[in-house]
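Enquirer: If it helps, the file is called model-v1.txt and holds compact mmCIF, C-alpha atoms:
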```txt
# COMPACT_ATOMS: atom_id res chain seq x y z
CA MET L 591 -12.25 22.35 -53.44
CA LYS L 592 -12.90 24.86 -50.66
CA LEU L 593 -15.21 22.38 -48.97
CA ILE L 594 -12.58 19.65 -49.16
CA LEU L 595 -9.92 21.97 -47.70
CA ALA L 596 -12.30 23.01 -44.94
CA LEU L 597 -13.04 19.38 -44.09
CA LEU L 598 -9.33 18.55 -44.08
CA GLY L 599 -8.70 21.52 -41.80
CA ILE L 600 -11.39 20.37 -39.39
CA ALA L 601 -9.99 16.83 -39.45
CA ALA L 602 -6.49 18.15 -38.74
CA LEU L 603 -7.76 20.21 -35.82
CA LEU L 604 -9.63 17.24 -34.41
CA TYR L 605 -6.55 15.04 -34.76
CA ALA L 606 -4.35 17.63 -33.05
CA GLY L 607 -6.92 18.06 -30.28
CA ILE L 608 -7.11 14.32 -29.65
CA CYS L 609 -3.29 14.08 -29.55
CA VAL L 610 -3.09 16.94 -27.06
CA LEU L 611 -5.78 15.31 -24.92
CA LEU L 612 -3.95 11.97 -24.98
CA PHE L 613 -0.65 13.62 -24.09
CA PHE L 614 -2.02 15.26 -20.95
CA LYS L 615 -4.60 12.67 -19.93
CA GLN L 616 -2.92 9.36 -20.74
CA GLU L 617 -2.73 8.38 -17.07
CA HIS L 618 -6.45 7.63 -17.42
CA LEU L 619 -5.66 5.17 -20.24
CA LEU L 620 -2.73 3.49 -18.51
CA PHE L 621 -3.50 3.34 -14.79
CA PHE L 622 -6.70 1.90 -13.29
CA PRO L 623 -6.20 2.04 -9.52
CA SER L 624 -8.62 0.91 -6.85
CA ARG L 625 -8.58 3.00 -3.69
CA LEU L 626 -8.73 1.49 -0.21
CA PRO L 627 -9.62 3.36 2.98
CA ALA L 628 -6.85 3.78 5.54
CA THR L 629 -8.87 1.56 7.88
CA HIS L 630 -9.03 -1.36 5.43
CA ARG L 631 -8.04 -4.66 7.04
CA PHE L 632 -6.48 -7.28 4.78
CA SER L 633 -7.48 -10.91 5.23
CA PHE L 634 -4.80 -12.98 3.54
CA PRO L 635 -3.64 -16.33 4.90
CA GLY L 636 -0.27 -16.61 6.61
CA GLN L 637 1.87 -13.92 8.18
CA PHE L 638 2.14 -10.46 6.65
CA GLU L 639 2.66 -6.89 7.72
CA GLU L 640 1.85 -3.48 6.30
CA ARG L 641 4.76 -1.26 5.32
CA TRP L 642 4.80 2.48 4.62
CA ILE L 643 7.51 4.01 2.45
CA LEU L 644 8.19 7.75 2.41
CA MET L 645 9.00 9.27 -0.98
CA ALA L 646 11.25 12.28 -1.51
CA ASP L 647 8.21 14.56 -1.87
CA ALA L 648 6.73 13.29 1.45
CA THR L 649 4.14 11.09 -0.29
CA ARG L 650 3.60 7.81 1.59
CA LEU L 651 3.29 4.61 -0.42
CA HIS L 652 1.86 1.45 1.02
CA GLY L 653 2.99 -2.14 0.62
CA LEU L 654 2.51 -5.57 2.13
CA LEU L 655 5.37 -7.80 3.23
CA PHE L 656 4.38 -11.47 3.34
CA HIS L 657 6.50 -13.88 5.35
CA ALA L 658 7.36 -17.48 4.58
CA ASP L 659 6.63 -20.00 7.34
CA ALA L 660 10.31 -20.89 7.74
CA PRO L 661 13.31 -18.53 7.64
CA ALA L 662 13.15 -16.98 4.20
CA LYS L 663 15.44 -18.00 1.35
CA GLY L 664 15.14 -14.44 0.09
CA LEU L 665 12.69 -11.80 -1.11
CA ILE L 666 10.40 -11.57 -4.12
CA PHE L 667 10.10 -7.82 -4.82
CA TYR L 668 6.83 -7.76 -6.76
CA LEU L 669 5.62 -4.94 -9.03
CA HIS L 670 2.03 -5.55 -10.08
CA GLY L 671 -0.12 -4.69 -13.09
CA ASN L 672 -2.02 -1.52 -13.92
CA ALA L 673 -5.39 -2.25 -12.28
CA GLY L 674 -6.66 -2.99 -8.78
CA ALA L 675 -4.79 -2.75 -5.49
CA LEU L 676 -3.22 -4.90 -2.80
CA ASP L 677 -6.53 -6.35 -1.67
CA SER L 678 -6.44 -8.45 -4.86
CA TRP L 679 -2.74 -8.47 -5.80
CA GLY L 680 -1.84 -9.92 -2.41
CA ASP L 681 -3.33 -13.20 -3.64
CA VAL L 682 -0.09 -13.90 -5.56
CA ALA L 683 2.00 -14.13 -2.38
CA PRO L 684 1.22 -17.74 -1.31
CA THR L 685 2.73 -19.08 -4.55
CA TYR L 686 6.11 -17.76 -3.41
CA THR L 687 5.84 -18.01 0.37
CA ARG L 688 5.13 -21.75 -0.05
CA LEU L 689 8.48 -21.92 -1.83
CA GLY L 690 10.19 -20.31 1.15
CA TYR L 691 10.37 -16.68 -0.03
CA ASP L 692 9.15 -13.53 1.63
CA VAL L 693 7.16 -11.34 -0.79
CA PHE L 694 6.87 -7.55 -0.88
CA VAL L 695 4.08 -6.11 -3.05
CA LEU L 696 3.98 -2.34 -3.60
CA ASP L 697 0.90 -0.27 -4.38
CA TYR L 698 1.78 2.61 -6.71
CA ARG L 699 0.64 6.18 -6.08
CA GLY L 700 -3.13 6.37 -5.93
CA TYR L 701 -3.51 2.60 -5.60
CA GLY L 702 -4.95 1.07 -2.44
CA LYS L 703 -3.80 3.03 0.60
CA SER L 704 -0.93 4.76 -1.21
CA GLN L 705 -1.16 8.53 -1.34
CA GLY L 706 -0.90 10.85 -4.33
CA GLN L 707 -1.25 10.01 -7.99
CA ILE L 708 1.12 9.10 -10.79
CA SER L 709 2.08 12.08 -12.94
CA SER L 710 5.26 11.08 -14.83
CA GLU L 711 7.43 8.13 -15.76
CA GLN L 712 10.33 9.60 -13.79
CA GLN L 713 8.17 9.74 -10.66
CA PHE L 714 6.81 6.21 -11.20
CA LEU L 715 10.29 4.73 -11.54
CA ALA L 716 11.75 6.78 -8.69
CA ASP L 717 9.03 5.44 -6.39
CA ALA L 718 9.98 1.86 -7.28
CA GLU L 719 13.64 2.71 -6.65
CA THR L 720 12.88 4.18 -3.21
CA ALA L 721 10.85 1.14 -2.18
CA TYR L 722 13.59 -1.21 -3.39
CA GLN L 723 16.26 0.71 -1.48
CA GLN L 724 14.14 0.63 1.69
CA LEU L 725 14.17 -3.17 1.78
CA LEU L 726 17.88 -3.64 1.04
CA PRO L 727 19.00 -3.54 4.71
CA GLU L 728 16.71 -6.53 5.40
CA TYR L 729 17.16 -8.38 2.12
CA PRO L 730 20.55 -8.05 0.40
CA GLU L 731 20.46 -8.04 -3.39
CA ALA L 732 22.05 -11.48 -3.55
CA ARG L 733 18.81 -12.79 -1.99
CA THR L 734 16.35 -10.56 -3.89
CA VAL L 735 14.37 -11.56 -6.98
CA LEU L 736 12.80 -8.70 -8.92
CA LEU L 737 9.47 -9.78 -10.39
CA GLY L 738 7.20 -7.65 -12.57
CA TYR L 739 3.77 -8.46 -13.98
CA SER L 740 2.38 -6.65 -17.04
CA LEU L 741 2.76 -2.90 -16.35
CA GLY L 742 5.22 -3.72 -13.56
CA THR L 743 7.65 -5.43 -15.95
CA GLY L 744 8.95 -2.10 -17.28
CA ALA L 745 9.79 -0.84 -13.80
CA ALA L 746 11.24 -4.21 -12.74
CA ALA L 747 13.55 -4.35 -15.78
CA TRP L 748 14.62 -0.74 -15.19
CA LEU L 749 15.44 -1.49 -11.54
CA ALA L 750 17.38 -4.62 -12.49
CA SER L 751 19.46 -2.59 -14.97
CA ARG L 752 20.50 -0.25 -12.13
CA HIS L 753 21.11 -2.88 -9.44
CA HIS L 754 22.37 -6.42 -9.02
CA PRO L 755 19.45 -8.59 -7.88
CA ARG L 756 19.76 -12.34 -7.81
CA ARG L 757 17.33 -12.68 -10.74
CA LEU L 758 14.81 -10.77 -12.86
CA VAL L 759 11.48 -12.44 -13.66
CA LEU L 760 9.07 -10.81 -16.14
CA GLN L 761 5.49 -11.99 -16.56
CA ALA L 762 3.76 -10.81 -19.77
CA PRO L 763 6.24 -8.01 -20.56
CA TYR L 764 6.05 -5.44 -23.38
CA PRO L 765 9.00 -4.12 -25.42
CA SER L 766 7.87 -0.59 -24.57
CA MET L 767 4.67 1.37 -24.07
CA THR L 768 5.49 3.15 -27.32
CA ALA L 769 5.29 -0.22 -29.08
CA MET L 770 2.05 -0.97 -27.23
CA ALA L 771 0.59 2.32 -28.42
CA ARG L 772 1.55 1.49 -32.01
CA GLN L 773 -0.16 -1.89 -31.59
CA HIS L 774 -3.47 -0.52 -30.31
CA TYR L 775 -3.49 3.04 -31.70
CA SER L 776 -1.30 3.05 -34.81
CA TRP L 777 -2.33 6.63 -35.66
CA ILE L 778 -0.74 8.09 -32.50
CA PRO L 779 2.76 9.59 -33.00
CA GLY L 780 5.40 8.09 -30.72
CA PHE L 781 6.31 11.36 -29.01
CA ILE L 782 2.82 11.49 -27.47
CA VAL L 783 3.72 8.57 -25.16
CA ARG L 784 4.85 10.06 -21.84
CA TYR L 785 5.43 6.64 -20.26
CA PRO L 786 7.65 4.81 -22.75
CA LEU L 787 8.90 2.32 -20.10
CA ALA L 788 11.32 0.98 -22.69
CA THR L 789 12.14 -2.53 -21.51
CA ASP L 790 13.85 -3.18 -24.84
CA LYS L 791 16.31 -0.36 -24.10
CA VAL L 792 17.33 -1.50 -20.60
CA LEU L 793 17.27 -5.30 -20.86
CA ALA L 794 20.78 -5.49 -22.33
CA ARG L 795 22.12 -3.73 -19.22
CA VAL L 796 20.70 -6.33 -16.81
CA ALA L 797 23.56 -8.44 -15.46
CA ALA L 798 21.30 -10.75 -13.44
CA PRO L 799 19.81 -13.91 -14.96
CA ILE L 800 16.50 -13.12 -16.69
CA THR L 801 13.43 -15.32 -17.06
CA ILE L 802 10.48 -14.19 -19.19
CA PHE L 803 7.05 -15.84 -19.14
CA HIS L 804 4.35 -15.08 -21.68
CA GLY L 805 1.09 -16.76 -22.67
CA ASP L 806 0.72 -17.28 -26.40
CA GLN L 807 -2.98 -16.29 -26.18
CA ASP L 808 -2.38 -12.99 -24.37
CA GLU L 809 -5.19 -10.65 -25.41
CA VAL L 810 -3.71 -7.52 -23.77
CA ILE L 811 0.06 -7.53 -24.41
CA SER L 812 1.03 -9.06 -27.72
CA TYR L 813 2.90 -12.34 -27.43
CA GLN L 814 4.52 -11.65 -30.80
CA GLY L 815 5.65 -8.23 -29.56
CA SER L 816 7.08 -9.79 -26.43
CA LEU L 817 9.11 -12.19 -28.56
CA GLN L 818 11.21 -9.16 -29.56
CA LEU L 819 12.63 -9.25 -26.04
CA LYS L 820 13.78 -12.84 -26.53
CA LYS L 821 16.34 -11.56 -29.06
CA LEU L 822 17.87 -9.34 -26.36
CA LEU L 823 18.49 -12.09 -23.82
CA LYS L 824 22.02 -13.16 -22.98
CA PRO L 825 23.25 -16.76 -22.80
CA GLY L 826 21.64 -18.53 -19.85
CA ASP L 827 18.51 -16.37 -19.84
CA GLU L 828 15.14 -17.98 -20.59
CA TYR L 829 11.99 -17.12 -22.53
CA ILE L 830 9.21 -19.51 -21.53
CA THR L 831 5.98 -19.72 -23.53
CA LEU L 832 2.83 -20.78 -21.67
CA PRO L 833 0.67 -22.49 -24.32
CA GLY L 834 -2.98 -21.46 -24.28
CA ALA L 835 -2.50 -18.88 -21.50
CA GLY L 836 -4.02 -15.41 -21.68
CA HIS L 837 -2.97 -12.26 -19.87
CA ASN L 838 -4.57 -12.80 -16.48
CA GLY L 839 -4.07 -15.59 -13.97
CA MET L 840 -0.50 -16.45 -14.90
CA THR L 841 0.60 -16.99 -11.31
CA GLU L 842 -1.99 -19.75 -10.90
CA ASN L 843 -1.02 -21.43 -14.19
CA PRO L 844 0.28 -24.96 -13.37
CA LEU L 845 3.06 -24.76 -15.96
CA TYR L 846 4.17 -21.38 -14.58
CA GLN L 847 4.23 -22.80 -11.07
CA GLN L 848 6.28 -25.75 -12.25
CA HIS L 849 8.82 -23.52 -13.96
CA ILE L 850 9.05 -20.88 -11.22
CA ARG L 851 9.88 -23.59 -8.70
CA ARG L 852 12.82 -24.57 -10.88
CA VAL L 853 13.82 -20.98 -11.65
CA LEU L 854 13.99 -20.20 -7.94
CA GLY L 855 16.30 -23.16 -7.42
CA LEU L 856 13.88 -25.55 -5.75
CA GLN L 857 14.18 -28.45 -8.21
```
Take the structure in the file and give it back as structure tokens.
Expert:
Amino acid sequence: MKLILALLGIAALLYAGICVLLFFKQEHLLFFPSRLPATHRFSFPGQFEERWILMADATRLHGLLFHADAPAKGLIFYLHGNAGALDSWGDVAPTYTRLGYDVFVLDYRGYGKSQGQISSEQQFLADAETAYQQLLPEYPEARTVLLGYSLGTGAAAWLASRHHPRRLVLQAPYPSMTAMARQHYSWIPGFIVRYPLATDKVLARVAAPITIFHGDQDEVISYQGSLQLKKLLKPGDEYITLPGAGHNGMTENPLYQQHIRRVLGLQ
């Protein structure tokens, strides 16, 4: 009996230690940035410019603003996924510039040329808010489409719940990071998650039309979990399934491109 109690005590200590480690180090599980030197030169087709955005704590975040060939119909404000940087995420821009939209893609703290590192959900969301506000004088909300991919869907939905963009588009969204943690690590208590990014809590407050895209073979963010968000949509919103599509490469998916053309009012 003493041996059993000792083993249980050791197991409890190990469990508590792992939970403490996850609580303080979960940025390493959630964010996978690629750094770029300040001298990096981007080589995308078409016209684009680098933008720097100053945060309240004097950290400078970096973004790229891509321009349509003709006068823009509006802006796609794009919040990307959890890995890489603008040297790869900039590849999404031609899909939208060909449709007549300018595209702004933001690199989060520690990504690409952006300074600092992400340390809290509040900071992560406040950075997205500051970048959004910076572009409003050039692109009024009536001409702005908020678009989030994967990790970026939580921030995009949160922004849309606080503002009045023309539309919210979510690619491969999650109900919340707490739900994601339950999916992949069912033994982790919910309070450990410091980045809940609860899309399911804010979606009902979004007045703008919402369009959700999700591949039914997504191997990263559960398609079945994402279907929970469909129940929260208001009349006129859309949930579009992409048959056979996984998590990556959605922007290049022919069915996605067909639908986004319609969603943006070009058909």
Enquirer: Counting all atoms listed in the file, which residues come within 9 Å of (12.3, -8.0, -25.5), with the point read in the file's coordinates, and could you list them as a ChimeraX atom specification?
Expert: /L:763-766,789-791,793,815-823
Enquirer: For Leu736 in chain L, which residue among L:Ala750, L:Leu832, L:Leu619, L:Ala673 is the nearest when counting only C-alpha atoms?
Expert: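 Closest candidate: L:Ala750.
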Enquirer: List every protein, DNA or RNA residue that has an atom no more than 10 Å from (0.7, 16.9, -7.3) in the file's coordinate frame, counting all atoms listed in the file, and report them as a PDB file with C-alpha atoms, in the coordinates of the input.
Expert:
```pdb
ATOM      1  CA  ASP L 647       8.210  14.560  -1.870  1.00  0.00           C
ATOM      2  CA  THR L 649       4.140  11.090  -0.290  1.00  0.00           C
ATOM      3  CA  GLY L 706      -0.900  10.850  -4.330  1.00  0.00           C
ATOM      4  CA  GLN L 707      -1.250  10.010  -7.990  1.00  0.00           C
ATOM      5  CA  ILE L 708       1.120   9.100 -10.790  1.00  0.00           C
ATOM      6  CA  SER L 709       2.080  12.080 -12.940  1.00  0.00           C
TER       7      SER L 709
END
```
Enquirer: Ranking L:Arg699, L:His630, L:His657, L:Lys663 by minimum distance to Pro684 in chain L and counting only C-alpha atoms, which one comes first?
Expert: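 Of the candidates, the smallest distance to Pro684 in chain L is held by L:His657.
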Enquirer: Nearest to Ala746 in chain L: which of L:Ile830, L:Ile782, L:Leu620, L:Val759 is it, counting all atoms listed in the file?
Expert: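 Closest to Ala746 in chain L of all the choices is L:Val759.
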Enquirer: For the atom pair CA of Gly700 in chain L and CA of Gly653 in chain L, what is the interatomic distance in Å to one decimal place?
Expert: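 One can read the CA of Gly700 in chain L to CA of Gly653 in chain L distance as 12.4 Å.
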Enquirer: Nearest to Ala788 in chain L among L:Leu669, L:Leu725, L:Leu715, L:Ala732, with distances taken over all atoms listed in the file: which residue is it?
Expert: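 When distances to Ala788 in chain L are compared using all atoms listed in the file, the smallest one comes from L:Leu715.
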Enquirer: Between L:Tyr846, L:Phe634, L:Phe667, L:Trp642, which has the minimum distance to Gly738 in chain L (counting all atoms listed in the file)?
Expert: L:Phe667
Enquirer: With distances taken over only C-alpha atoms, which residue among L:Leu758, L:Leu665, L:Ile802, L:Ile811 lies nearest Gly836 in chain L?
Expert: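 Checking each candidate against Gly836 in chain L, we get L:Ile811 as the closest.
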Enquirer: Need to verify the contact set: Pro833 in chain L, 6 Å, all atoms listed in the file, exclusion of same-chain residues closer than 2 positions in sequence. Can you return it as a VMD selection string?
Expert: chain L and resid 805 to 806 835
Enquirer: Quick one: axis-aligned box around all listed atoms of range 671-689 of chain L, 3 Å on every side, centre and edge lengths in Å to one decimal, written as AutoDock Vina command-line options.
Expert:
```
--center_x 0.9 --center_y -11.7 --center_z -6.8 --size_x 21.1 --size_y 26.4 --size_z 20.3
```
